[in-house]
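For reference, run_0.cif is printed below; it contains mmCIF, N, CA and C atoms.
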data_query
loop_
_atom_site.label_atom_id
_atom_site.label_comp_id
_atom_site.auth_asym_id
_atom_site.auth_seq_id
_atom_site.Cartn_x
_atom_site.Cartn_y
_atom_site.Cartn_z
N MET A 12 -72.53 -134.00 -71.43
CA MET A 12 -71.92 -134.07 -70.13
C MET A 12 -71.52 -135.51 -69.90
N SER A 13 -70.28 -135.73 -69.54
CA SER A 13 -69.79 -137.05 -69.20
C SER A 13 -70.03 -137.27 -67.71
N VAL A 14 -70.74 -138.29 -67.40
CA VAL A 14 -71.09 -138.52 -66.00
C VAL A 14 -70.00 -139.35 -65.35
N SER A 15 -69.40 -138.77 -64.31
CA SER A 15 -68.33 -139.48 -63.64
C SER A 15 -68.80 -140.18 -62.38
N ARG A 16 -69.99 -139.84 -61.92
CA ARG A 16 -70.48 -140.47 -60.69
C ARG A 16 -71.99 -140.40 -60.67
N THR A 17 -72.62 -141.46 -60.24
CA THR A 17 -74.06 -141.48 -60.06
C THR A 17 -74.34 -141.44 -58.57
N ILE A 18 -75.27 -140.58 -58.22
CA ILE A 18 -75.60 -140.43 -56.81
C ILE A 18 -77.07 -140.74 -56.62
N SER A 19 -77.40 -141.63 -55.74
CA SER A 19 -78.79 -141.85 -55.37
C SER A 19 -79.07 -140.98 -54.16
N LEU A 20 -80.02 -140.10 -54.31
CA LEU A 20 -80.33 -139.18 -53.24
C LEU A 20 -81.62 -139.62 -52.58
N VAL A 21 -81.52 -140.19 -51.40
CA VAL A 21 -82.72 -140.63 -50.71
C VAL A 21 -82.98 -139.75 -49.51
N VAL A 22 -81.94 -139.26 -48.85
CA VAL A 22 -82.11 -138.44 -47.67
C VAL A 22 -81.16 -137.28 -47.71
N GLY A 23 -81.65 -136.07 -47.60
CA GLY A 23 -80.85 -134.92 -47.24
C GLY A 23 -80.08 -134.17 -48.29
N VAL A 24 -79.90 -134.62 -49.52
CA VAL A 24 -79.09 -133.89 -50.46
C VAL A 24 -79.98 -133.34 -51.56
N LEU A 25 -79.96 -132.06 -51.75
CA LEU A 25 -80.66 -131.30 -52.76
C LEU A 25 -82.17 -131.39 -52.63
N VAL A 26 -82.77 -132.52 -52.93
CA VAL A 26 -84.22 -132.64 -52.84
C VAL A 26 -84.52 -133.98 -52.19
N VAL A 27 -85.36 -133.99 -51.18
CA VAL A 27 -85.74 -135.24 -50.55
C VAL A 27 -87.24 -135.40 -50.76
N VAL A 28 -87.65 -136.55 -51.25
CA VAL A 28 -89.05 -136.80 -51.52
C VAL A 28 -89.40 -138.14 -50.93
N THR A 29 -90.48 -138.22 -50.19
CA THR A 29 -90.95 -139.50 -49.69
C THR A 29 -92.40 -139.68 -50.06
N SER A 30 -92.82 -140.90 -50.23
CA SER A 30 -94.17 -141.15 -50.69
C SER A 30 -95.22 -140.95 -49.62
N SER A 31 -94.84 -140.95 -48.37
CA SER A 31 -95.85 -140.81 -47.33
C SER A 31 -95.71 -139.53 -46.53
N ALA A 32 -94.74 -138.71 -46.84
CA ALA A 32 -94.52 -137.49 -46.09
C ALA A 32 -94.27 -136.34 -47.04
N CYS A 33 -93.68 -135.31 -46.50
CA CYS A 33 -93.37 -134.14 -47.30
C CYS A 33 -91.90 -134.15 -47.69
N ALA A 34 -91.63 -133.56 -48.81
CA ALA A 34 -90.25 -133.36 -49.21
C ALA A 34 -89.71 -132.18 -48.42
N SER A 35 -88.42 -131.91 -48.58
CA SER A 35 -87.87 -130.75 -47.89
C SER A 35 -88.67 -129.52 -48.30
N GLY A 36 -88.87 -128.62 -47.38
CA GLY A 36 -89.67 -127.45 -47.67
C GLY A 36 -91.15 -127.74 -47.69
N GLY A 37 -91.56 -128.95 -47.32
CA GLY A 37 -92.98 -129.27 -47.25
C GLY A 37 -93.61 -129.69 -48.56
N VAL A 38 -92.82 -130.06 -49.57
CA VAL A 38 -93.38 -130.48 -50.86
C VAL A 38 -93.75 -131.96 -50.76
N ALA A 39 -95.03 -132.25 -50.86
CA ALA A 39 -95.52 -133.62 -50.68
C ALA A 39 -95.76 -134.30 -52.03
N ILE A 40 -95.61 -135.61 -52.03
CA ILE A 40 -95.97 -136.41 -53.20
C ILE A 40 -97.50 -136.40 -53.30
N PRO A 41 -98.05 -136.08 -54.48
CA PRO A 41 -99.50 -136.12 -54.63
C PRO A 41 -100.06 -137.52 -54.37
N PRO A 42 -101.29 -137.60 -53.89
CA PRO A 42 -101.89 -138.91 -53.61
C PRO A 42 -102.01 -139.77 -54.87
N GLY A 43 -101.97 -141.08 -54.65
CA GLY A 43 -102.20 -142.04 -55.73
C GLY A 43 -100.95 -142.61 -56.35
N GLY A 44 -99.80 -142.02 -56.09
CA GLY A 44 -98.57 -142.50 -56.71
C GLY A 44 -98.20 -143.91 -56.33
N ASP A 45 -98.49 -144.29 -55.09
CA ASP A 45 -98.15 -145.64 -54.64
C ASP A 45 -99.05 -146.70 -55.25
N ALA A 46 -100.16 -146.29 -55.86
CA ALA A 46 -101.08 -147.25 -56.47
C ALA A 46 -100.89 -147.35 -57.99
N LEU A 47 -99.95 -146.59 -58.55
CA LEU A 47 -99.75 -146.64 -60.00
C LEU A 47 -99.15 -147.98 -60.42
N PRO A 48 -99.65 -148.57 -61.50
CA PRO A 48 -99.00 -149.77 -62.02
C PRO A 48 -97.69 -149.37 -62.69
N PRO A 49 -96.73 -150.28 -62.78
CA PRO A 49 -95.48 -149.93 -63.45
C PRO A 49 -95.69 -149.78 -64.96
N CYS A 50 -95.00 -148.83 -65.54
CA CYS A 50 -94.99 -148.69 -67.00
C CYS A 50 -93.99 -149.69 -67.56
N LYS A 51 -94.13 -150.04 -68.80
CA LYS A 51 -93.10 -150.81 -69.48
C LYS A 51 -91.89 -149.87 -69.60
N PRO A 52 -90.69 -150.31 -69.13
CA PRO A 52 -89.52 -149.43 -69.23
C PRO A 52 -89.30 -148.98 -70.67
N GLN A 53 -88.95 -147.72 -70.80
CA GLN A 53 -88.76 -147.13 -72.12
C GLN A 53 -87.65 -146.10 -72.07
N ARG A 54 -87.23 -145.66 -73.23
CA ARG A 54 -86.26 -144.56 -73.33
C ARG A 54 -87.05 -143.32 -73.70
N ILE A 55 -86.83 -142.26 -72.91
CA ILE A 55 -87.56 -141.02 -73.11
C ILE A 55 -86.55 -139.88 -73.17
N ASP A 56 -86.61 -139.08 -74.19
CA ASP A 56 -85.77 -137.89 -74.27
C ASP A 56 -86.38 -136.83 -73.36
N VAL A 57 -85.57 -136.20 -72.50
CA VAL A 57 -86.13 -135.22 -71.56
C VAL A 57 -86.86 -134.08 -72.28
N THR A 58 -86.43 -133.77 -73.49
CA THR A 58 -87.09 -132.69 -74.22
C THR A 58 -88.48 -133.11 -74.71
N ASP A 59 -88.79 -134.40 -74.62
CA ASP A 59 -90.12 -134.90 -75.01
C ASP A 59 -91.03 -135.14 -73.81
N LEU A 60 -90.56 -134.89 -72.59
CA LEU A 60 -91.36 -135.18 -71.39
C LEU A 60 -92.72 -134.48 -71.41
N GLU A 61 -92.74 -133.24 -71.83
CA GLU A 61 -94.00 -132.49 -71.82
C GLU A 61 -95.07 -133.18 -72.65
N SER A 62 -94.68 -133.82 -73.74
CA SER A 62 -95.67 -134.48 -74.61
C SER A 62 -96.24 -135.75 -73.97
N ILE A 63 -95.56 -136.28 -72.94
CA ILE A 63 -96.05 -137.48 -72.26
C ILE A 63 -97.23 -137.16 -71.36
N GLY A 64 -97.19 -136.00 -70.71
CA GLY A 64 -98.24 -135.65 -69.76
C GLY A 64 -98.19 -136.58 -68.55
N GLU A 65 -99.30 -136.66 -67.84
CA GLU A 65 -99.38 -137.58 -66.71
C GLU A 65 -99.40 -138.99 -67.29
N PRO A 66 -98.39 -139.81 -66.97
CA PRO A 66 -98.25 -141.09 -67.68
C PRO A 66 -99.28 -142.15 -67.34
N GLY A 67 -99.95 -142.07 -66.20
CA GLY A 67 -100.94 -143.09 -65.83
C GLY A 67 -100.32 -144.37 -65.31
N CYS A 68 -99.00 -144.39 -65.19
CA CYS A 68 -98.27 -145.53 -64.64
C CYS A 68 -96.95 -145.01 -64.08
N ASP A 69 -96.26 -145.85 -63.33
CA ASP A 69 -94.99 -145.47 -62.72
C ASP A 69 -93.86 -145.72 -63.72
N LEU A 70 -93.14 -144.66 -64.09
CA LEU A 70 -92.08 -144.75 -65.09
C LEU A 70 -90.76 -145.30 -64.52
N VAL A 71 -90.79 -145.84 -63.30
CA VAL A 71 -89.58 -146.38 -62.67
C VAL A 71 -88.88 -147.35 -63.61
N GLY A 72 -87.56 -147.21 -63.71
CA GLY A 72 -86.77 -148.10 -64.56
C GLY A 72 -86.60 -147.62 -65.98
N SER A 73 -87.38 -146.64 -66.39
CA SER A 73 -87.20 -146.08 -67.73
C SER A 73 -85.91 -145.27 -67.77
N GLN A 74 -85.38 -145.07 -68.95
CA GLN A 74 -84.15 -144.31 -69.13
C GLN A 74 -84.47 -142.95 -69.74
N LEU A 75 -83.96 -141.91 -69.11
CA LEU A 75 -84.14 -140.55 -69.63
C LEU A 75 -82.90 -140.14 -70.41
N GLY A 76 -83.09 -139.73 -71.64
CA GLY A 76 -81.99 -139.25 -72.46
C GLY A 76 -81.80 -137.76 -72.25
N LEU A 77 -80.59 -137.38 -71.90
CA LEU A 77 -80.26 -135.98 -71.66
C LEU A 77 -79.70 -135.35 -72.93
N PRO A 78 -79.78 -134.03 -73.06
CA PRO A 78 -79.24 -133.37 -74.26
C PRO A 78 -77.75 -133.68 -74.49
N SER A 79 -77.01 -134.01 -73.43
CA SER A 79 -75.59 -134.34 -73.55
C SER A 79 -75.34 -135.70 -74.18
N GLY A 80 -76.41 -136.52 -74.26
CA GLY A 80 -76.27 -137.88 -74.76
C GLY A 80 -76.21 -138.91 -73.64
N ASP A 81 -76.04 -138.45 -72.41
CA ASP A 81 -76.06 -139.36 -71.26
C ASP A 81 -77.48 -139.80 -70.97
N HIS A 82 -77.60 -140.86 -70.17
CA HIS A 82 -78.90 -141.37 -69.74
C HIS A 82 -78.92 -141.50 -68.23
N ILE A 83 -80.09 -141.33 -67.66
CA ILE A 83 -80.27 -141.49 -66.22
C ILE A 83 -81.55 -142.29 -66.01
N GLU A 84 -81.51 -143.22 -65.07
CA GLU A 84 -82.66 -144.09 -64.81
C GLU A 84 -83.67 -143.38 -63.91
N VAL A 85 -84.94 -143.57 -64.22
CA VAL A 85 -86.03 -143.01 -63.42
C VAL A 85 -86.16 -143.81 -62.13
N PRO A 86 -86.12 -143.11 -60.98
CA PRO A 86 -86.29 -143.79 -59.69
C PRO A 86 -87.77 -144.09 -59.45
N GLY A 87 -88.06 -144.82 -58.37
CA GLY A 87 -89.44 -145.10 -57.99
C GLY A 87 -90.17 -143.86 -57.52
N VAL A 88 -91.48 -143.96 -57.41
CA VAL A 88 -92.30 -142.84 -56.94
C VAL A 88 -91.82 -142.42 -55.55
N GLY A 89 -91.65 -141.12 -55.38
CA GLY A 89 -91.22 -140.58 -54.10
C GLY A 89 -89.73 -140.60 -53.88
N VAL A 90 -88.96 -140.94 -54.91
CA VAL A 90 -87.51 -140.98 -54.79
C VAL A 90 -86.90 -140.00 -55.78
N THR A 91 -85.83 -139.37 -55.37
CA THR A 91 -85.08 -138.47 -56.22
C THR A 91 -83.73 -139.11 -56.51
N SER A 92 -83.27 -138.98 -57.74
CA SER A 92 -81.92 -139.47 -58.05
C SER A 92 -81.20 -138.39 -58.83
N GLY A 93 -79.90 -138.50 -58.87
CA GLY A 93 -79.12 -137.50 -59.57
C GLY A 93 -77.83 -138.03 -60.11
N GLN A 94 -77.28 -137.32 -61.07
CA GLN A 94 -75.96 -137.60 -61.61
C GLN A 94 -75.21 -136.28 -61.57
N GLN A 95 -73.94 -136.36 -61.20
CA GLN A 95 -73.15 -135.14 -61.16
C GLN A 95 -71.82 -135.36 -61.84
N ASP A 96 -71.47 -134.43 -62.69
CA ASP A 96 -70.19 -134.43 -63.36
C ASP A 96 -69.18 -133.73 -62.46
N ASP A 97 -68.07 -134.34 -62.20
CA ASP A 97 -67.01 -133.75 -61.38
C ASP A 97 -67.50 -133.22 -60.04
N PRO A 98 -68.03 -134.11 -59.17
CA PRO A 98 -68.50 -133.66 -57.87
C PRO A 98 -67.38 -132.97 -57.09
N PRO A 99 -67.61 -132.02 -56.26
CA PRO A 99 -68.92 -131.48 -55.93
C PRO A 99 -69.29 -130.26 -56.75
N ASP A 100 -68.44 -129.86 -57.72
CA ASP A 100 -68.67 -128.58 -58.39
C ASP A 100 -69.33 -128.67 -59.76
N GLY A 101 -69.37 -129.84 -60.36
CA GLY A 101 -69.92 -129.96 -61.71
C GLY A 101 -71.43 -129.89 -61.74
N PRO A 102 -71.99 -129.76 -62.94
CA PRO A 102 -73.45 -129.73 -63.07
C PRO A 102 -74.08 -131.01 -62.54
N GLU A 103 -75.25 -130.87 -61.93
CA GLU A 103 -75.97 -132.03 -61.41
C GLU A 103 -77.32 -132.13 -62.11
N VAL A 104 -77.65 -133.34 -62.54
CA VAL A 104 -78.97 -133.63 -63.11
C VAL A 104 -79.77 -134.30 -62.02
N VAL A 105 -80.94 -133.75 -61.72
CA VAL A 105 -81.80 -134.27 -60.66
C VAL A 105 -83.10 -134.75 -61.30
N VAL A 106 -83.50 -135.97 -60.97
CA VAL A 106 -84.75 -136.54 -61.47
C VAL A 106 -85.66 -136.82 -60.28
N VAL A 107 -86.89 -136.32 -60.34
CA VAL A 107 -87.87 -136.56 -59.29
C VAL A 107 -89.06 -137.28 -59.90
N ASN A 108 -89.42 -138.42 -59.34
CA ASN A 108 -90.61 -139.15 -59.77
C ASN A 108 -91.73 -138.77 -58.82
N TRP A 109 -92.64 -137.92 -59.30
CA TRP A 109 -93.74 -137.40 -58.49
C TRP A 109 -94.96 -138.32 -58.49
N GLY A 110 -94.91 -139.44 -59.19
CA GLY A 110 -96.05 -140.35 -59.22
C GLY A 110 -97.06 -139.93 -60.27
N VAL A 111 -98.29 -139.64 -59.85
CA VAL A 111 -99.37 -139.34 -60.79
C VAL A 111 -99.02 -138.21 -61.75
N PRO A 112 -98.44 -137.07 -61.31
CA PRO A 112 -98.11 -136.01 -62.27
C PRO A 112 -96.91 -136.34 -63.16
N GLY A 113 -96.18 -137.39 -62.82
CA GLY A 113 -95.05 -137.79 -63.67
C GLY A 113 -93.71 -137.35 -63.12
N LEU A 114 -92.86 -136.86 -64.02
CA LEU A 114 -91.46 -136.60 -63.70
C LEU A 114 -91.09 -135.14 -63.79
N GLY A 115 -90.10 -134.78 -62.97
CA GLY A 115 -89.42 -133.50 -63.09
C GLY A 115 -87.94 -133.77 -63.23
N VAL A 116 -87.28 -133.11 -64.17
CA VAL A 116 -85.85 -133.27 -64.38
C VAL A 116 -85.24 -131.87 -64.41
N ALA A 117 -84.18 -131.67 -63.63
CA ALA A 117 -83.54 -130.36 -63.57
C ALA A 117 -82.03 -130.50 -63.68
N VAL A 118 -81.40 -129.49 -64.28
CA VAL A 118 -79.95 -129.37 -64.29
C VAL A 118 -79.62 -128.19 -63.39
N VAL A 119 -78.79 -128.47 -62.36
CA VAL A 119 -78.38 -127.44 -61.40
C VAL A 119 -76.88 -127.24 -61.54
N VAL A 120 -76.49 -125.98 -61.73
CA VAL A 120 -75.09 -125.61 -61.85
C VAL A 120 -74.79 -124.52 -60.83
N ASP A 121 -73.85 -124.77 -59.95
CA ASP A 121 -73.47 -123.78 -58.93
C ASP A 121 -74.67 -123.26 -58.15
N GLY A 122 -75.58 -124.16 -57.78
CA GLY A 122 -76.74 -123.77 -56.98
C GLY A 122 -77.82 -123.02 -57.74
N ARG A 123 -77.69 -122.97 -59.06
CA ARG A 123 -78.68 -122.27 -59.89
C ARG A 123 -79.31 -123.26 -60.88
N LEU A 124 -80.58 -123.07 -61.10
CA LEU A 124 -81.31 -123.90 -62.06
C LEU A 124 -80.89 -123.50 -63.47
N ALA A 125 -80.28 -124.45 -64.19
CA ALA A 125 -79.82 -124.17 -65.55
C ALA A 125 -80.85 -124.61 -66.59
N ASP A 126 -81.59 -125.68 -66.30
CA ASP A 126 -82.59 -126.18 -67.23
C ASP A 126 -83.56 -127.06 -66.46
N VAL A 127 -84.78 -127.17 -66.96
CA VAL A 127 -85.78 -128.03 -66.31
C VAL A 127 -86.76 -128.54 -67.35
N TRP A 128 -87.16 -129.80 -67.18
CA TRP A 128 -88.16 -130.43 -68.03
C TRP A 128 -89.13 -131.16 -67.12
N SER A 129 -90.37 -131.29 -67.57
CA SER A 129 -91.35 -132.03 -66.77
C SER A 129 -92.40 -132.63 -67.67
N SER A 130 -93.09 -133.65 -67.13
CA SER A 130 -94.12 -134.33 -67.91
C SER A 130 -95.48 -133.65 -67.80
N SER A 131 -95.64 -132.77 -66.82
CA SER A 131 -96.93 -132.07 -66.67
C SER A 131 -96.68 -130.75 -65.94
N PRO A 132 -97.61 -129.82 -66.05
CA PRO A 132 -97.46 -128.57 -65.30
C PRO A 132 -97.36 -128.80 -63.79
N GLU A 133 -98.11 -129.78 -63.25
CA GLU A 133 -98.03 -130.05 -61.82
C GLU A 133 -96.65 -130.58 -61.44
N ALA A 134 -96.08 -131.47 -62.25
CA ALA A 134 -94.73 -131.98 -61.98
C ALA A 134 -93.72 -130.83 -62.01
N ARG A 135 -93.90 -129.89 -62.92
CA ARG A 135 -93.00 -128.72 -63.00
C ARG A 135 -93.12 -127.88 -61.74
N ASP A 136 -94.35 -127.59 -61.32
CA ASP A 136 -94.56 -126.78 -60.12
C ASP A 136 -93.96 -127.44 -58.88
N LEU A 137 -94.15 -128.76 -58.75
CA LEU A 137 -93.61 -129.50 -57.61
C LEU A 137 -92.08 -129.49 -57.62
N THR A 138 -91.50 -129.68 -58.80
CA THR A 138 -90.05 -129.67 -58.93
C THR A 138 -89.48 -128.30 -58.59
N ASP A 139 -90.10 -127.24 -59.12
CA ASP A 139 -89.66 -125.88 -58.81
C ASP A 139 -89.74 -125.61 -57.32
N ALA A 140 -90.84 -126.03 -56.69
CA ALA A 140 -91.02 -125.79 -55.25
C ALA A 140 -89.97 -126.53 -54.42
N ALA A 141 -89.69 -127.79 -54.78
CA ALA A 141 -88.72 -128.58 -54.03
C ALA A 141 -87.30 -128.01 -54.21
N LEU A 142 -86.95 -127.62 -55.42
CA LEU A 142 -85.63 -127.05 -55.65
C LEU A 142 -85.48 -125.72 -54.91
N SER A 143 -86.50 -124.91 -54.99
CA SER A 143 -86.49 -123.62 -54.28
C SER A 143 -86.33 -123.81 -52.78
N ALA A 144 -87.07 -124.78 -52.23
CA ALA A 144 -86.99 -125.06 -50.80
C ALA A 144 -85.59 -125.51 -50.38
N ASP A 145 -84.87 -126.10 -51.32
CA ASP A 145 -83.51 -126.56 -51.02
C ASP A 145 -82.45 -125.52 -51.42
N GLY A 146 -82.90 -124.31 -51.72
CA GLY A 146 -81.96 -123.23 -51.95
C GLY A 146 -81.43 -123.10 -53.36
N VAL A 147 -82.03 -123.80 -54.31
CA VAL A 147 -81.62 -123.66 -55.71
C VAL A 147 -82.29 -122.42 -56.27
N ASP A 148 -81.48 -121.52 -56.81
CA ASP A 148 -82.00 -120.30 -57.42
C ASP A 148 -82.55 -120.60 -58.80
N GLY A 149 -83.77 -120.12 -59.07
CA GLY A 149 -84.40 -120.36 -60.36
C GLY A 149 -84.13 -119.29 -61.31
#
Rewrite the structure of this file - the entire thing - as structure tokens.
Amino acid sequence: MSVSRTISLVVGVLVVVTSSACASGGVAIPPGGDALPPCKPQRIDVTDLESIGEPGCDLVGSQLGLPSGDHIEVPGVGVTSGQQDDPPDGPEVVVVNWGVPGLGVAVVVDGRLADVWSSSPEARDLTDAALSADGVDG
């Protein structure tokens, strides 16, 4: 996927996550994320996220490699970011930094979940709940 635009989603679009409150639909950041030390920035293939598990540090600034060959930067804990090809209709890649449980990455096409990767089962459950709350069909 060739990324034509990068979108930082902090309020109101697709998934909203804050470190001290609930995300849309009531999905809250698990406790402890704000106390995580930063990880050394790294390149991580999204298909390898599951093998990382709970990272024990904040992956902010790391680069996620997508199957398309594109890369997307990991936002800080409690922040969601996304990239969309040909807005508003193209596929969107959404990255959620859940803190302690790690990352959730989803590809949404036409309001439907096309693919999802996560670093832990808890990050997957949180990502699924947040996407569902925002009307993304799984």
Subject >> Picked from chain A by DSSP as strand (DSSP E), as a PyMOL selection string >> reply: chain A and resi 16-20+54-56+74-76+82-84+91-95+103-108+114-120+123-129
Original post:
What is the atom CA of Ala144 of chain A-atom CA of Arg123 of chain A distance in Å, reported with one decimal?
Top reply: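 Interatomic distance, atom CA of Ala144 of chain A to atom CA of Arg123 of chain A: 12.6 Å.
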Where does segment 65-111 of chain A meet segment 43-46 of chain A within 6.5 Å, residue by residue, with the nearest atom pair and distance in Å to one decimal for each, counting all atoms listed in the file, listed by chain and rising number, as a tab-separated table?
residue	atom	partner	partner_atom	distance
A:Val88	CA	A:Gly44	C	6.0
A:Trp109	C	A:Gly44	CA	5.8
A:Gly110	CA	A:Gly44	CA	4.2
A:Val111	N	A:Gly44	CA	4.3
Original post:
Taking all atoms listed in the file into account, which of A:Val71, A:Ser79, A:Asp96, A:Asp121 comes nearest Asn108 of chain A?
Top reply: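 Checking each candidate against Asn108 of chain A, we get A:Val71 as the closest.
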**OP:** Could you list the residues chosen by the PyMOL selection byres ((chain A and resi 122) around 7) in this structure as a ChimeraX atom specification?
**Re:** /A:119-121,123-124,146-149
**OP:** Please identify all polymer residues within 10 Å of Pro48 of chain A, counting only C-alpha atoms, omitting same-chain residues fewer than 4 positions from it, and present them as a PyMOL selection string.
**Re:** chain A and resi 44+67-70
Please dump the current selection as a PDB file, keeping the file's coordinate frame; keep N, CA and C atoms.
ATOM      1  N   GLY A  44     -99.800-142.020 -56.090  1.00  0.00           N
ATOM      2  CA  GLY A  44     -98.570-142.500 -56.710  1.00  0.00           C
ATOM      3  C   GLY A  44     -98.200-143.910 -56.330  1.00  0.00           C
ATOM      4  N   GLY A  67     -99.950-142.070 -66.200  1.00  0.00           N
ATOM      5  CA  GLY A  67    -100.940-143.090 -65.830  1.00  0.00           C
ATOM      6  C   GLY A  67    -100.320-144.370 -65.310  1.00  0.00           C
ATOM      7  N   CYS A  68     -99.000-144.390 -65.190  1.00  0.00           N
ATOM      8  CA  CYS A  68     -98.270-145.530 -64.640  1.00  0.00           C
ATOM      9  C   CYS A  68     -96.950-145.010 -64.080  1.00  0.00           C
ATOM     10  N   ASP A  69     -96.260-145.850 -63.330  1.00  0.00           N
ATOM     11  CA  ASP A  69     -94.990-145.470 -62.720  1.00  0.00           C
ATOM     12  C   ASP A  69     -93.860-145.720 -63.720  1.00  0.00           C
ATOM     13  N   LEU A  70     -93.140-144.660 -64.090  1.00  0.00           N
ATOM     14  CA  LEU A  70     -92.080-144.750 -65.090  1.00  0.00           C
ATOM     15  C   LEU A  70     -90.760-145.300 -64.520  1.00  0.00           C
TER      16      LEU A  70
END
**OP:** Grab the atom C of Pro52 of chain A to atom CA of Ala39 of chain A distance for me, in Å with one decimal place.
**Re:**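 If I compute the distance from atom C of Pro52 of chain A to atom CA of Ala39 of chain A, I get 26.0 Å.
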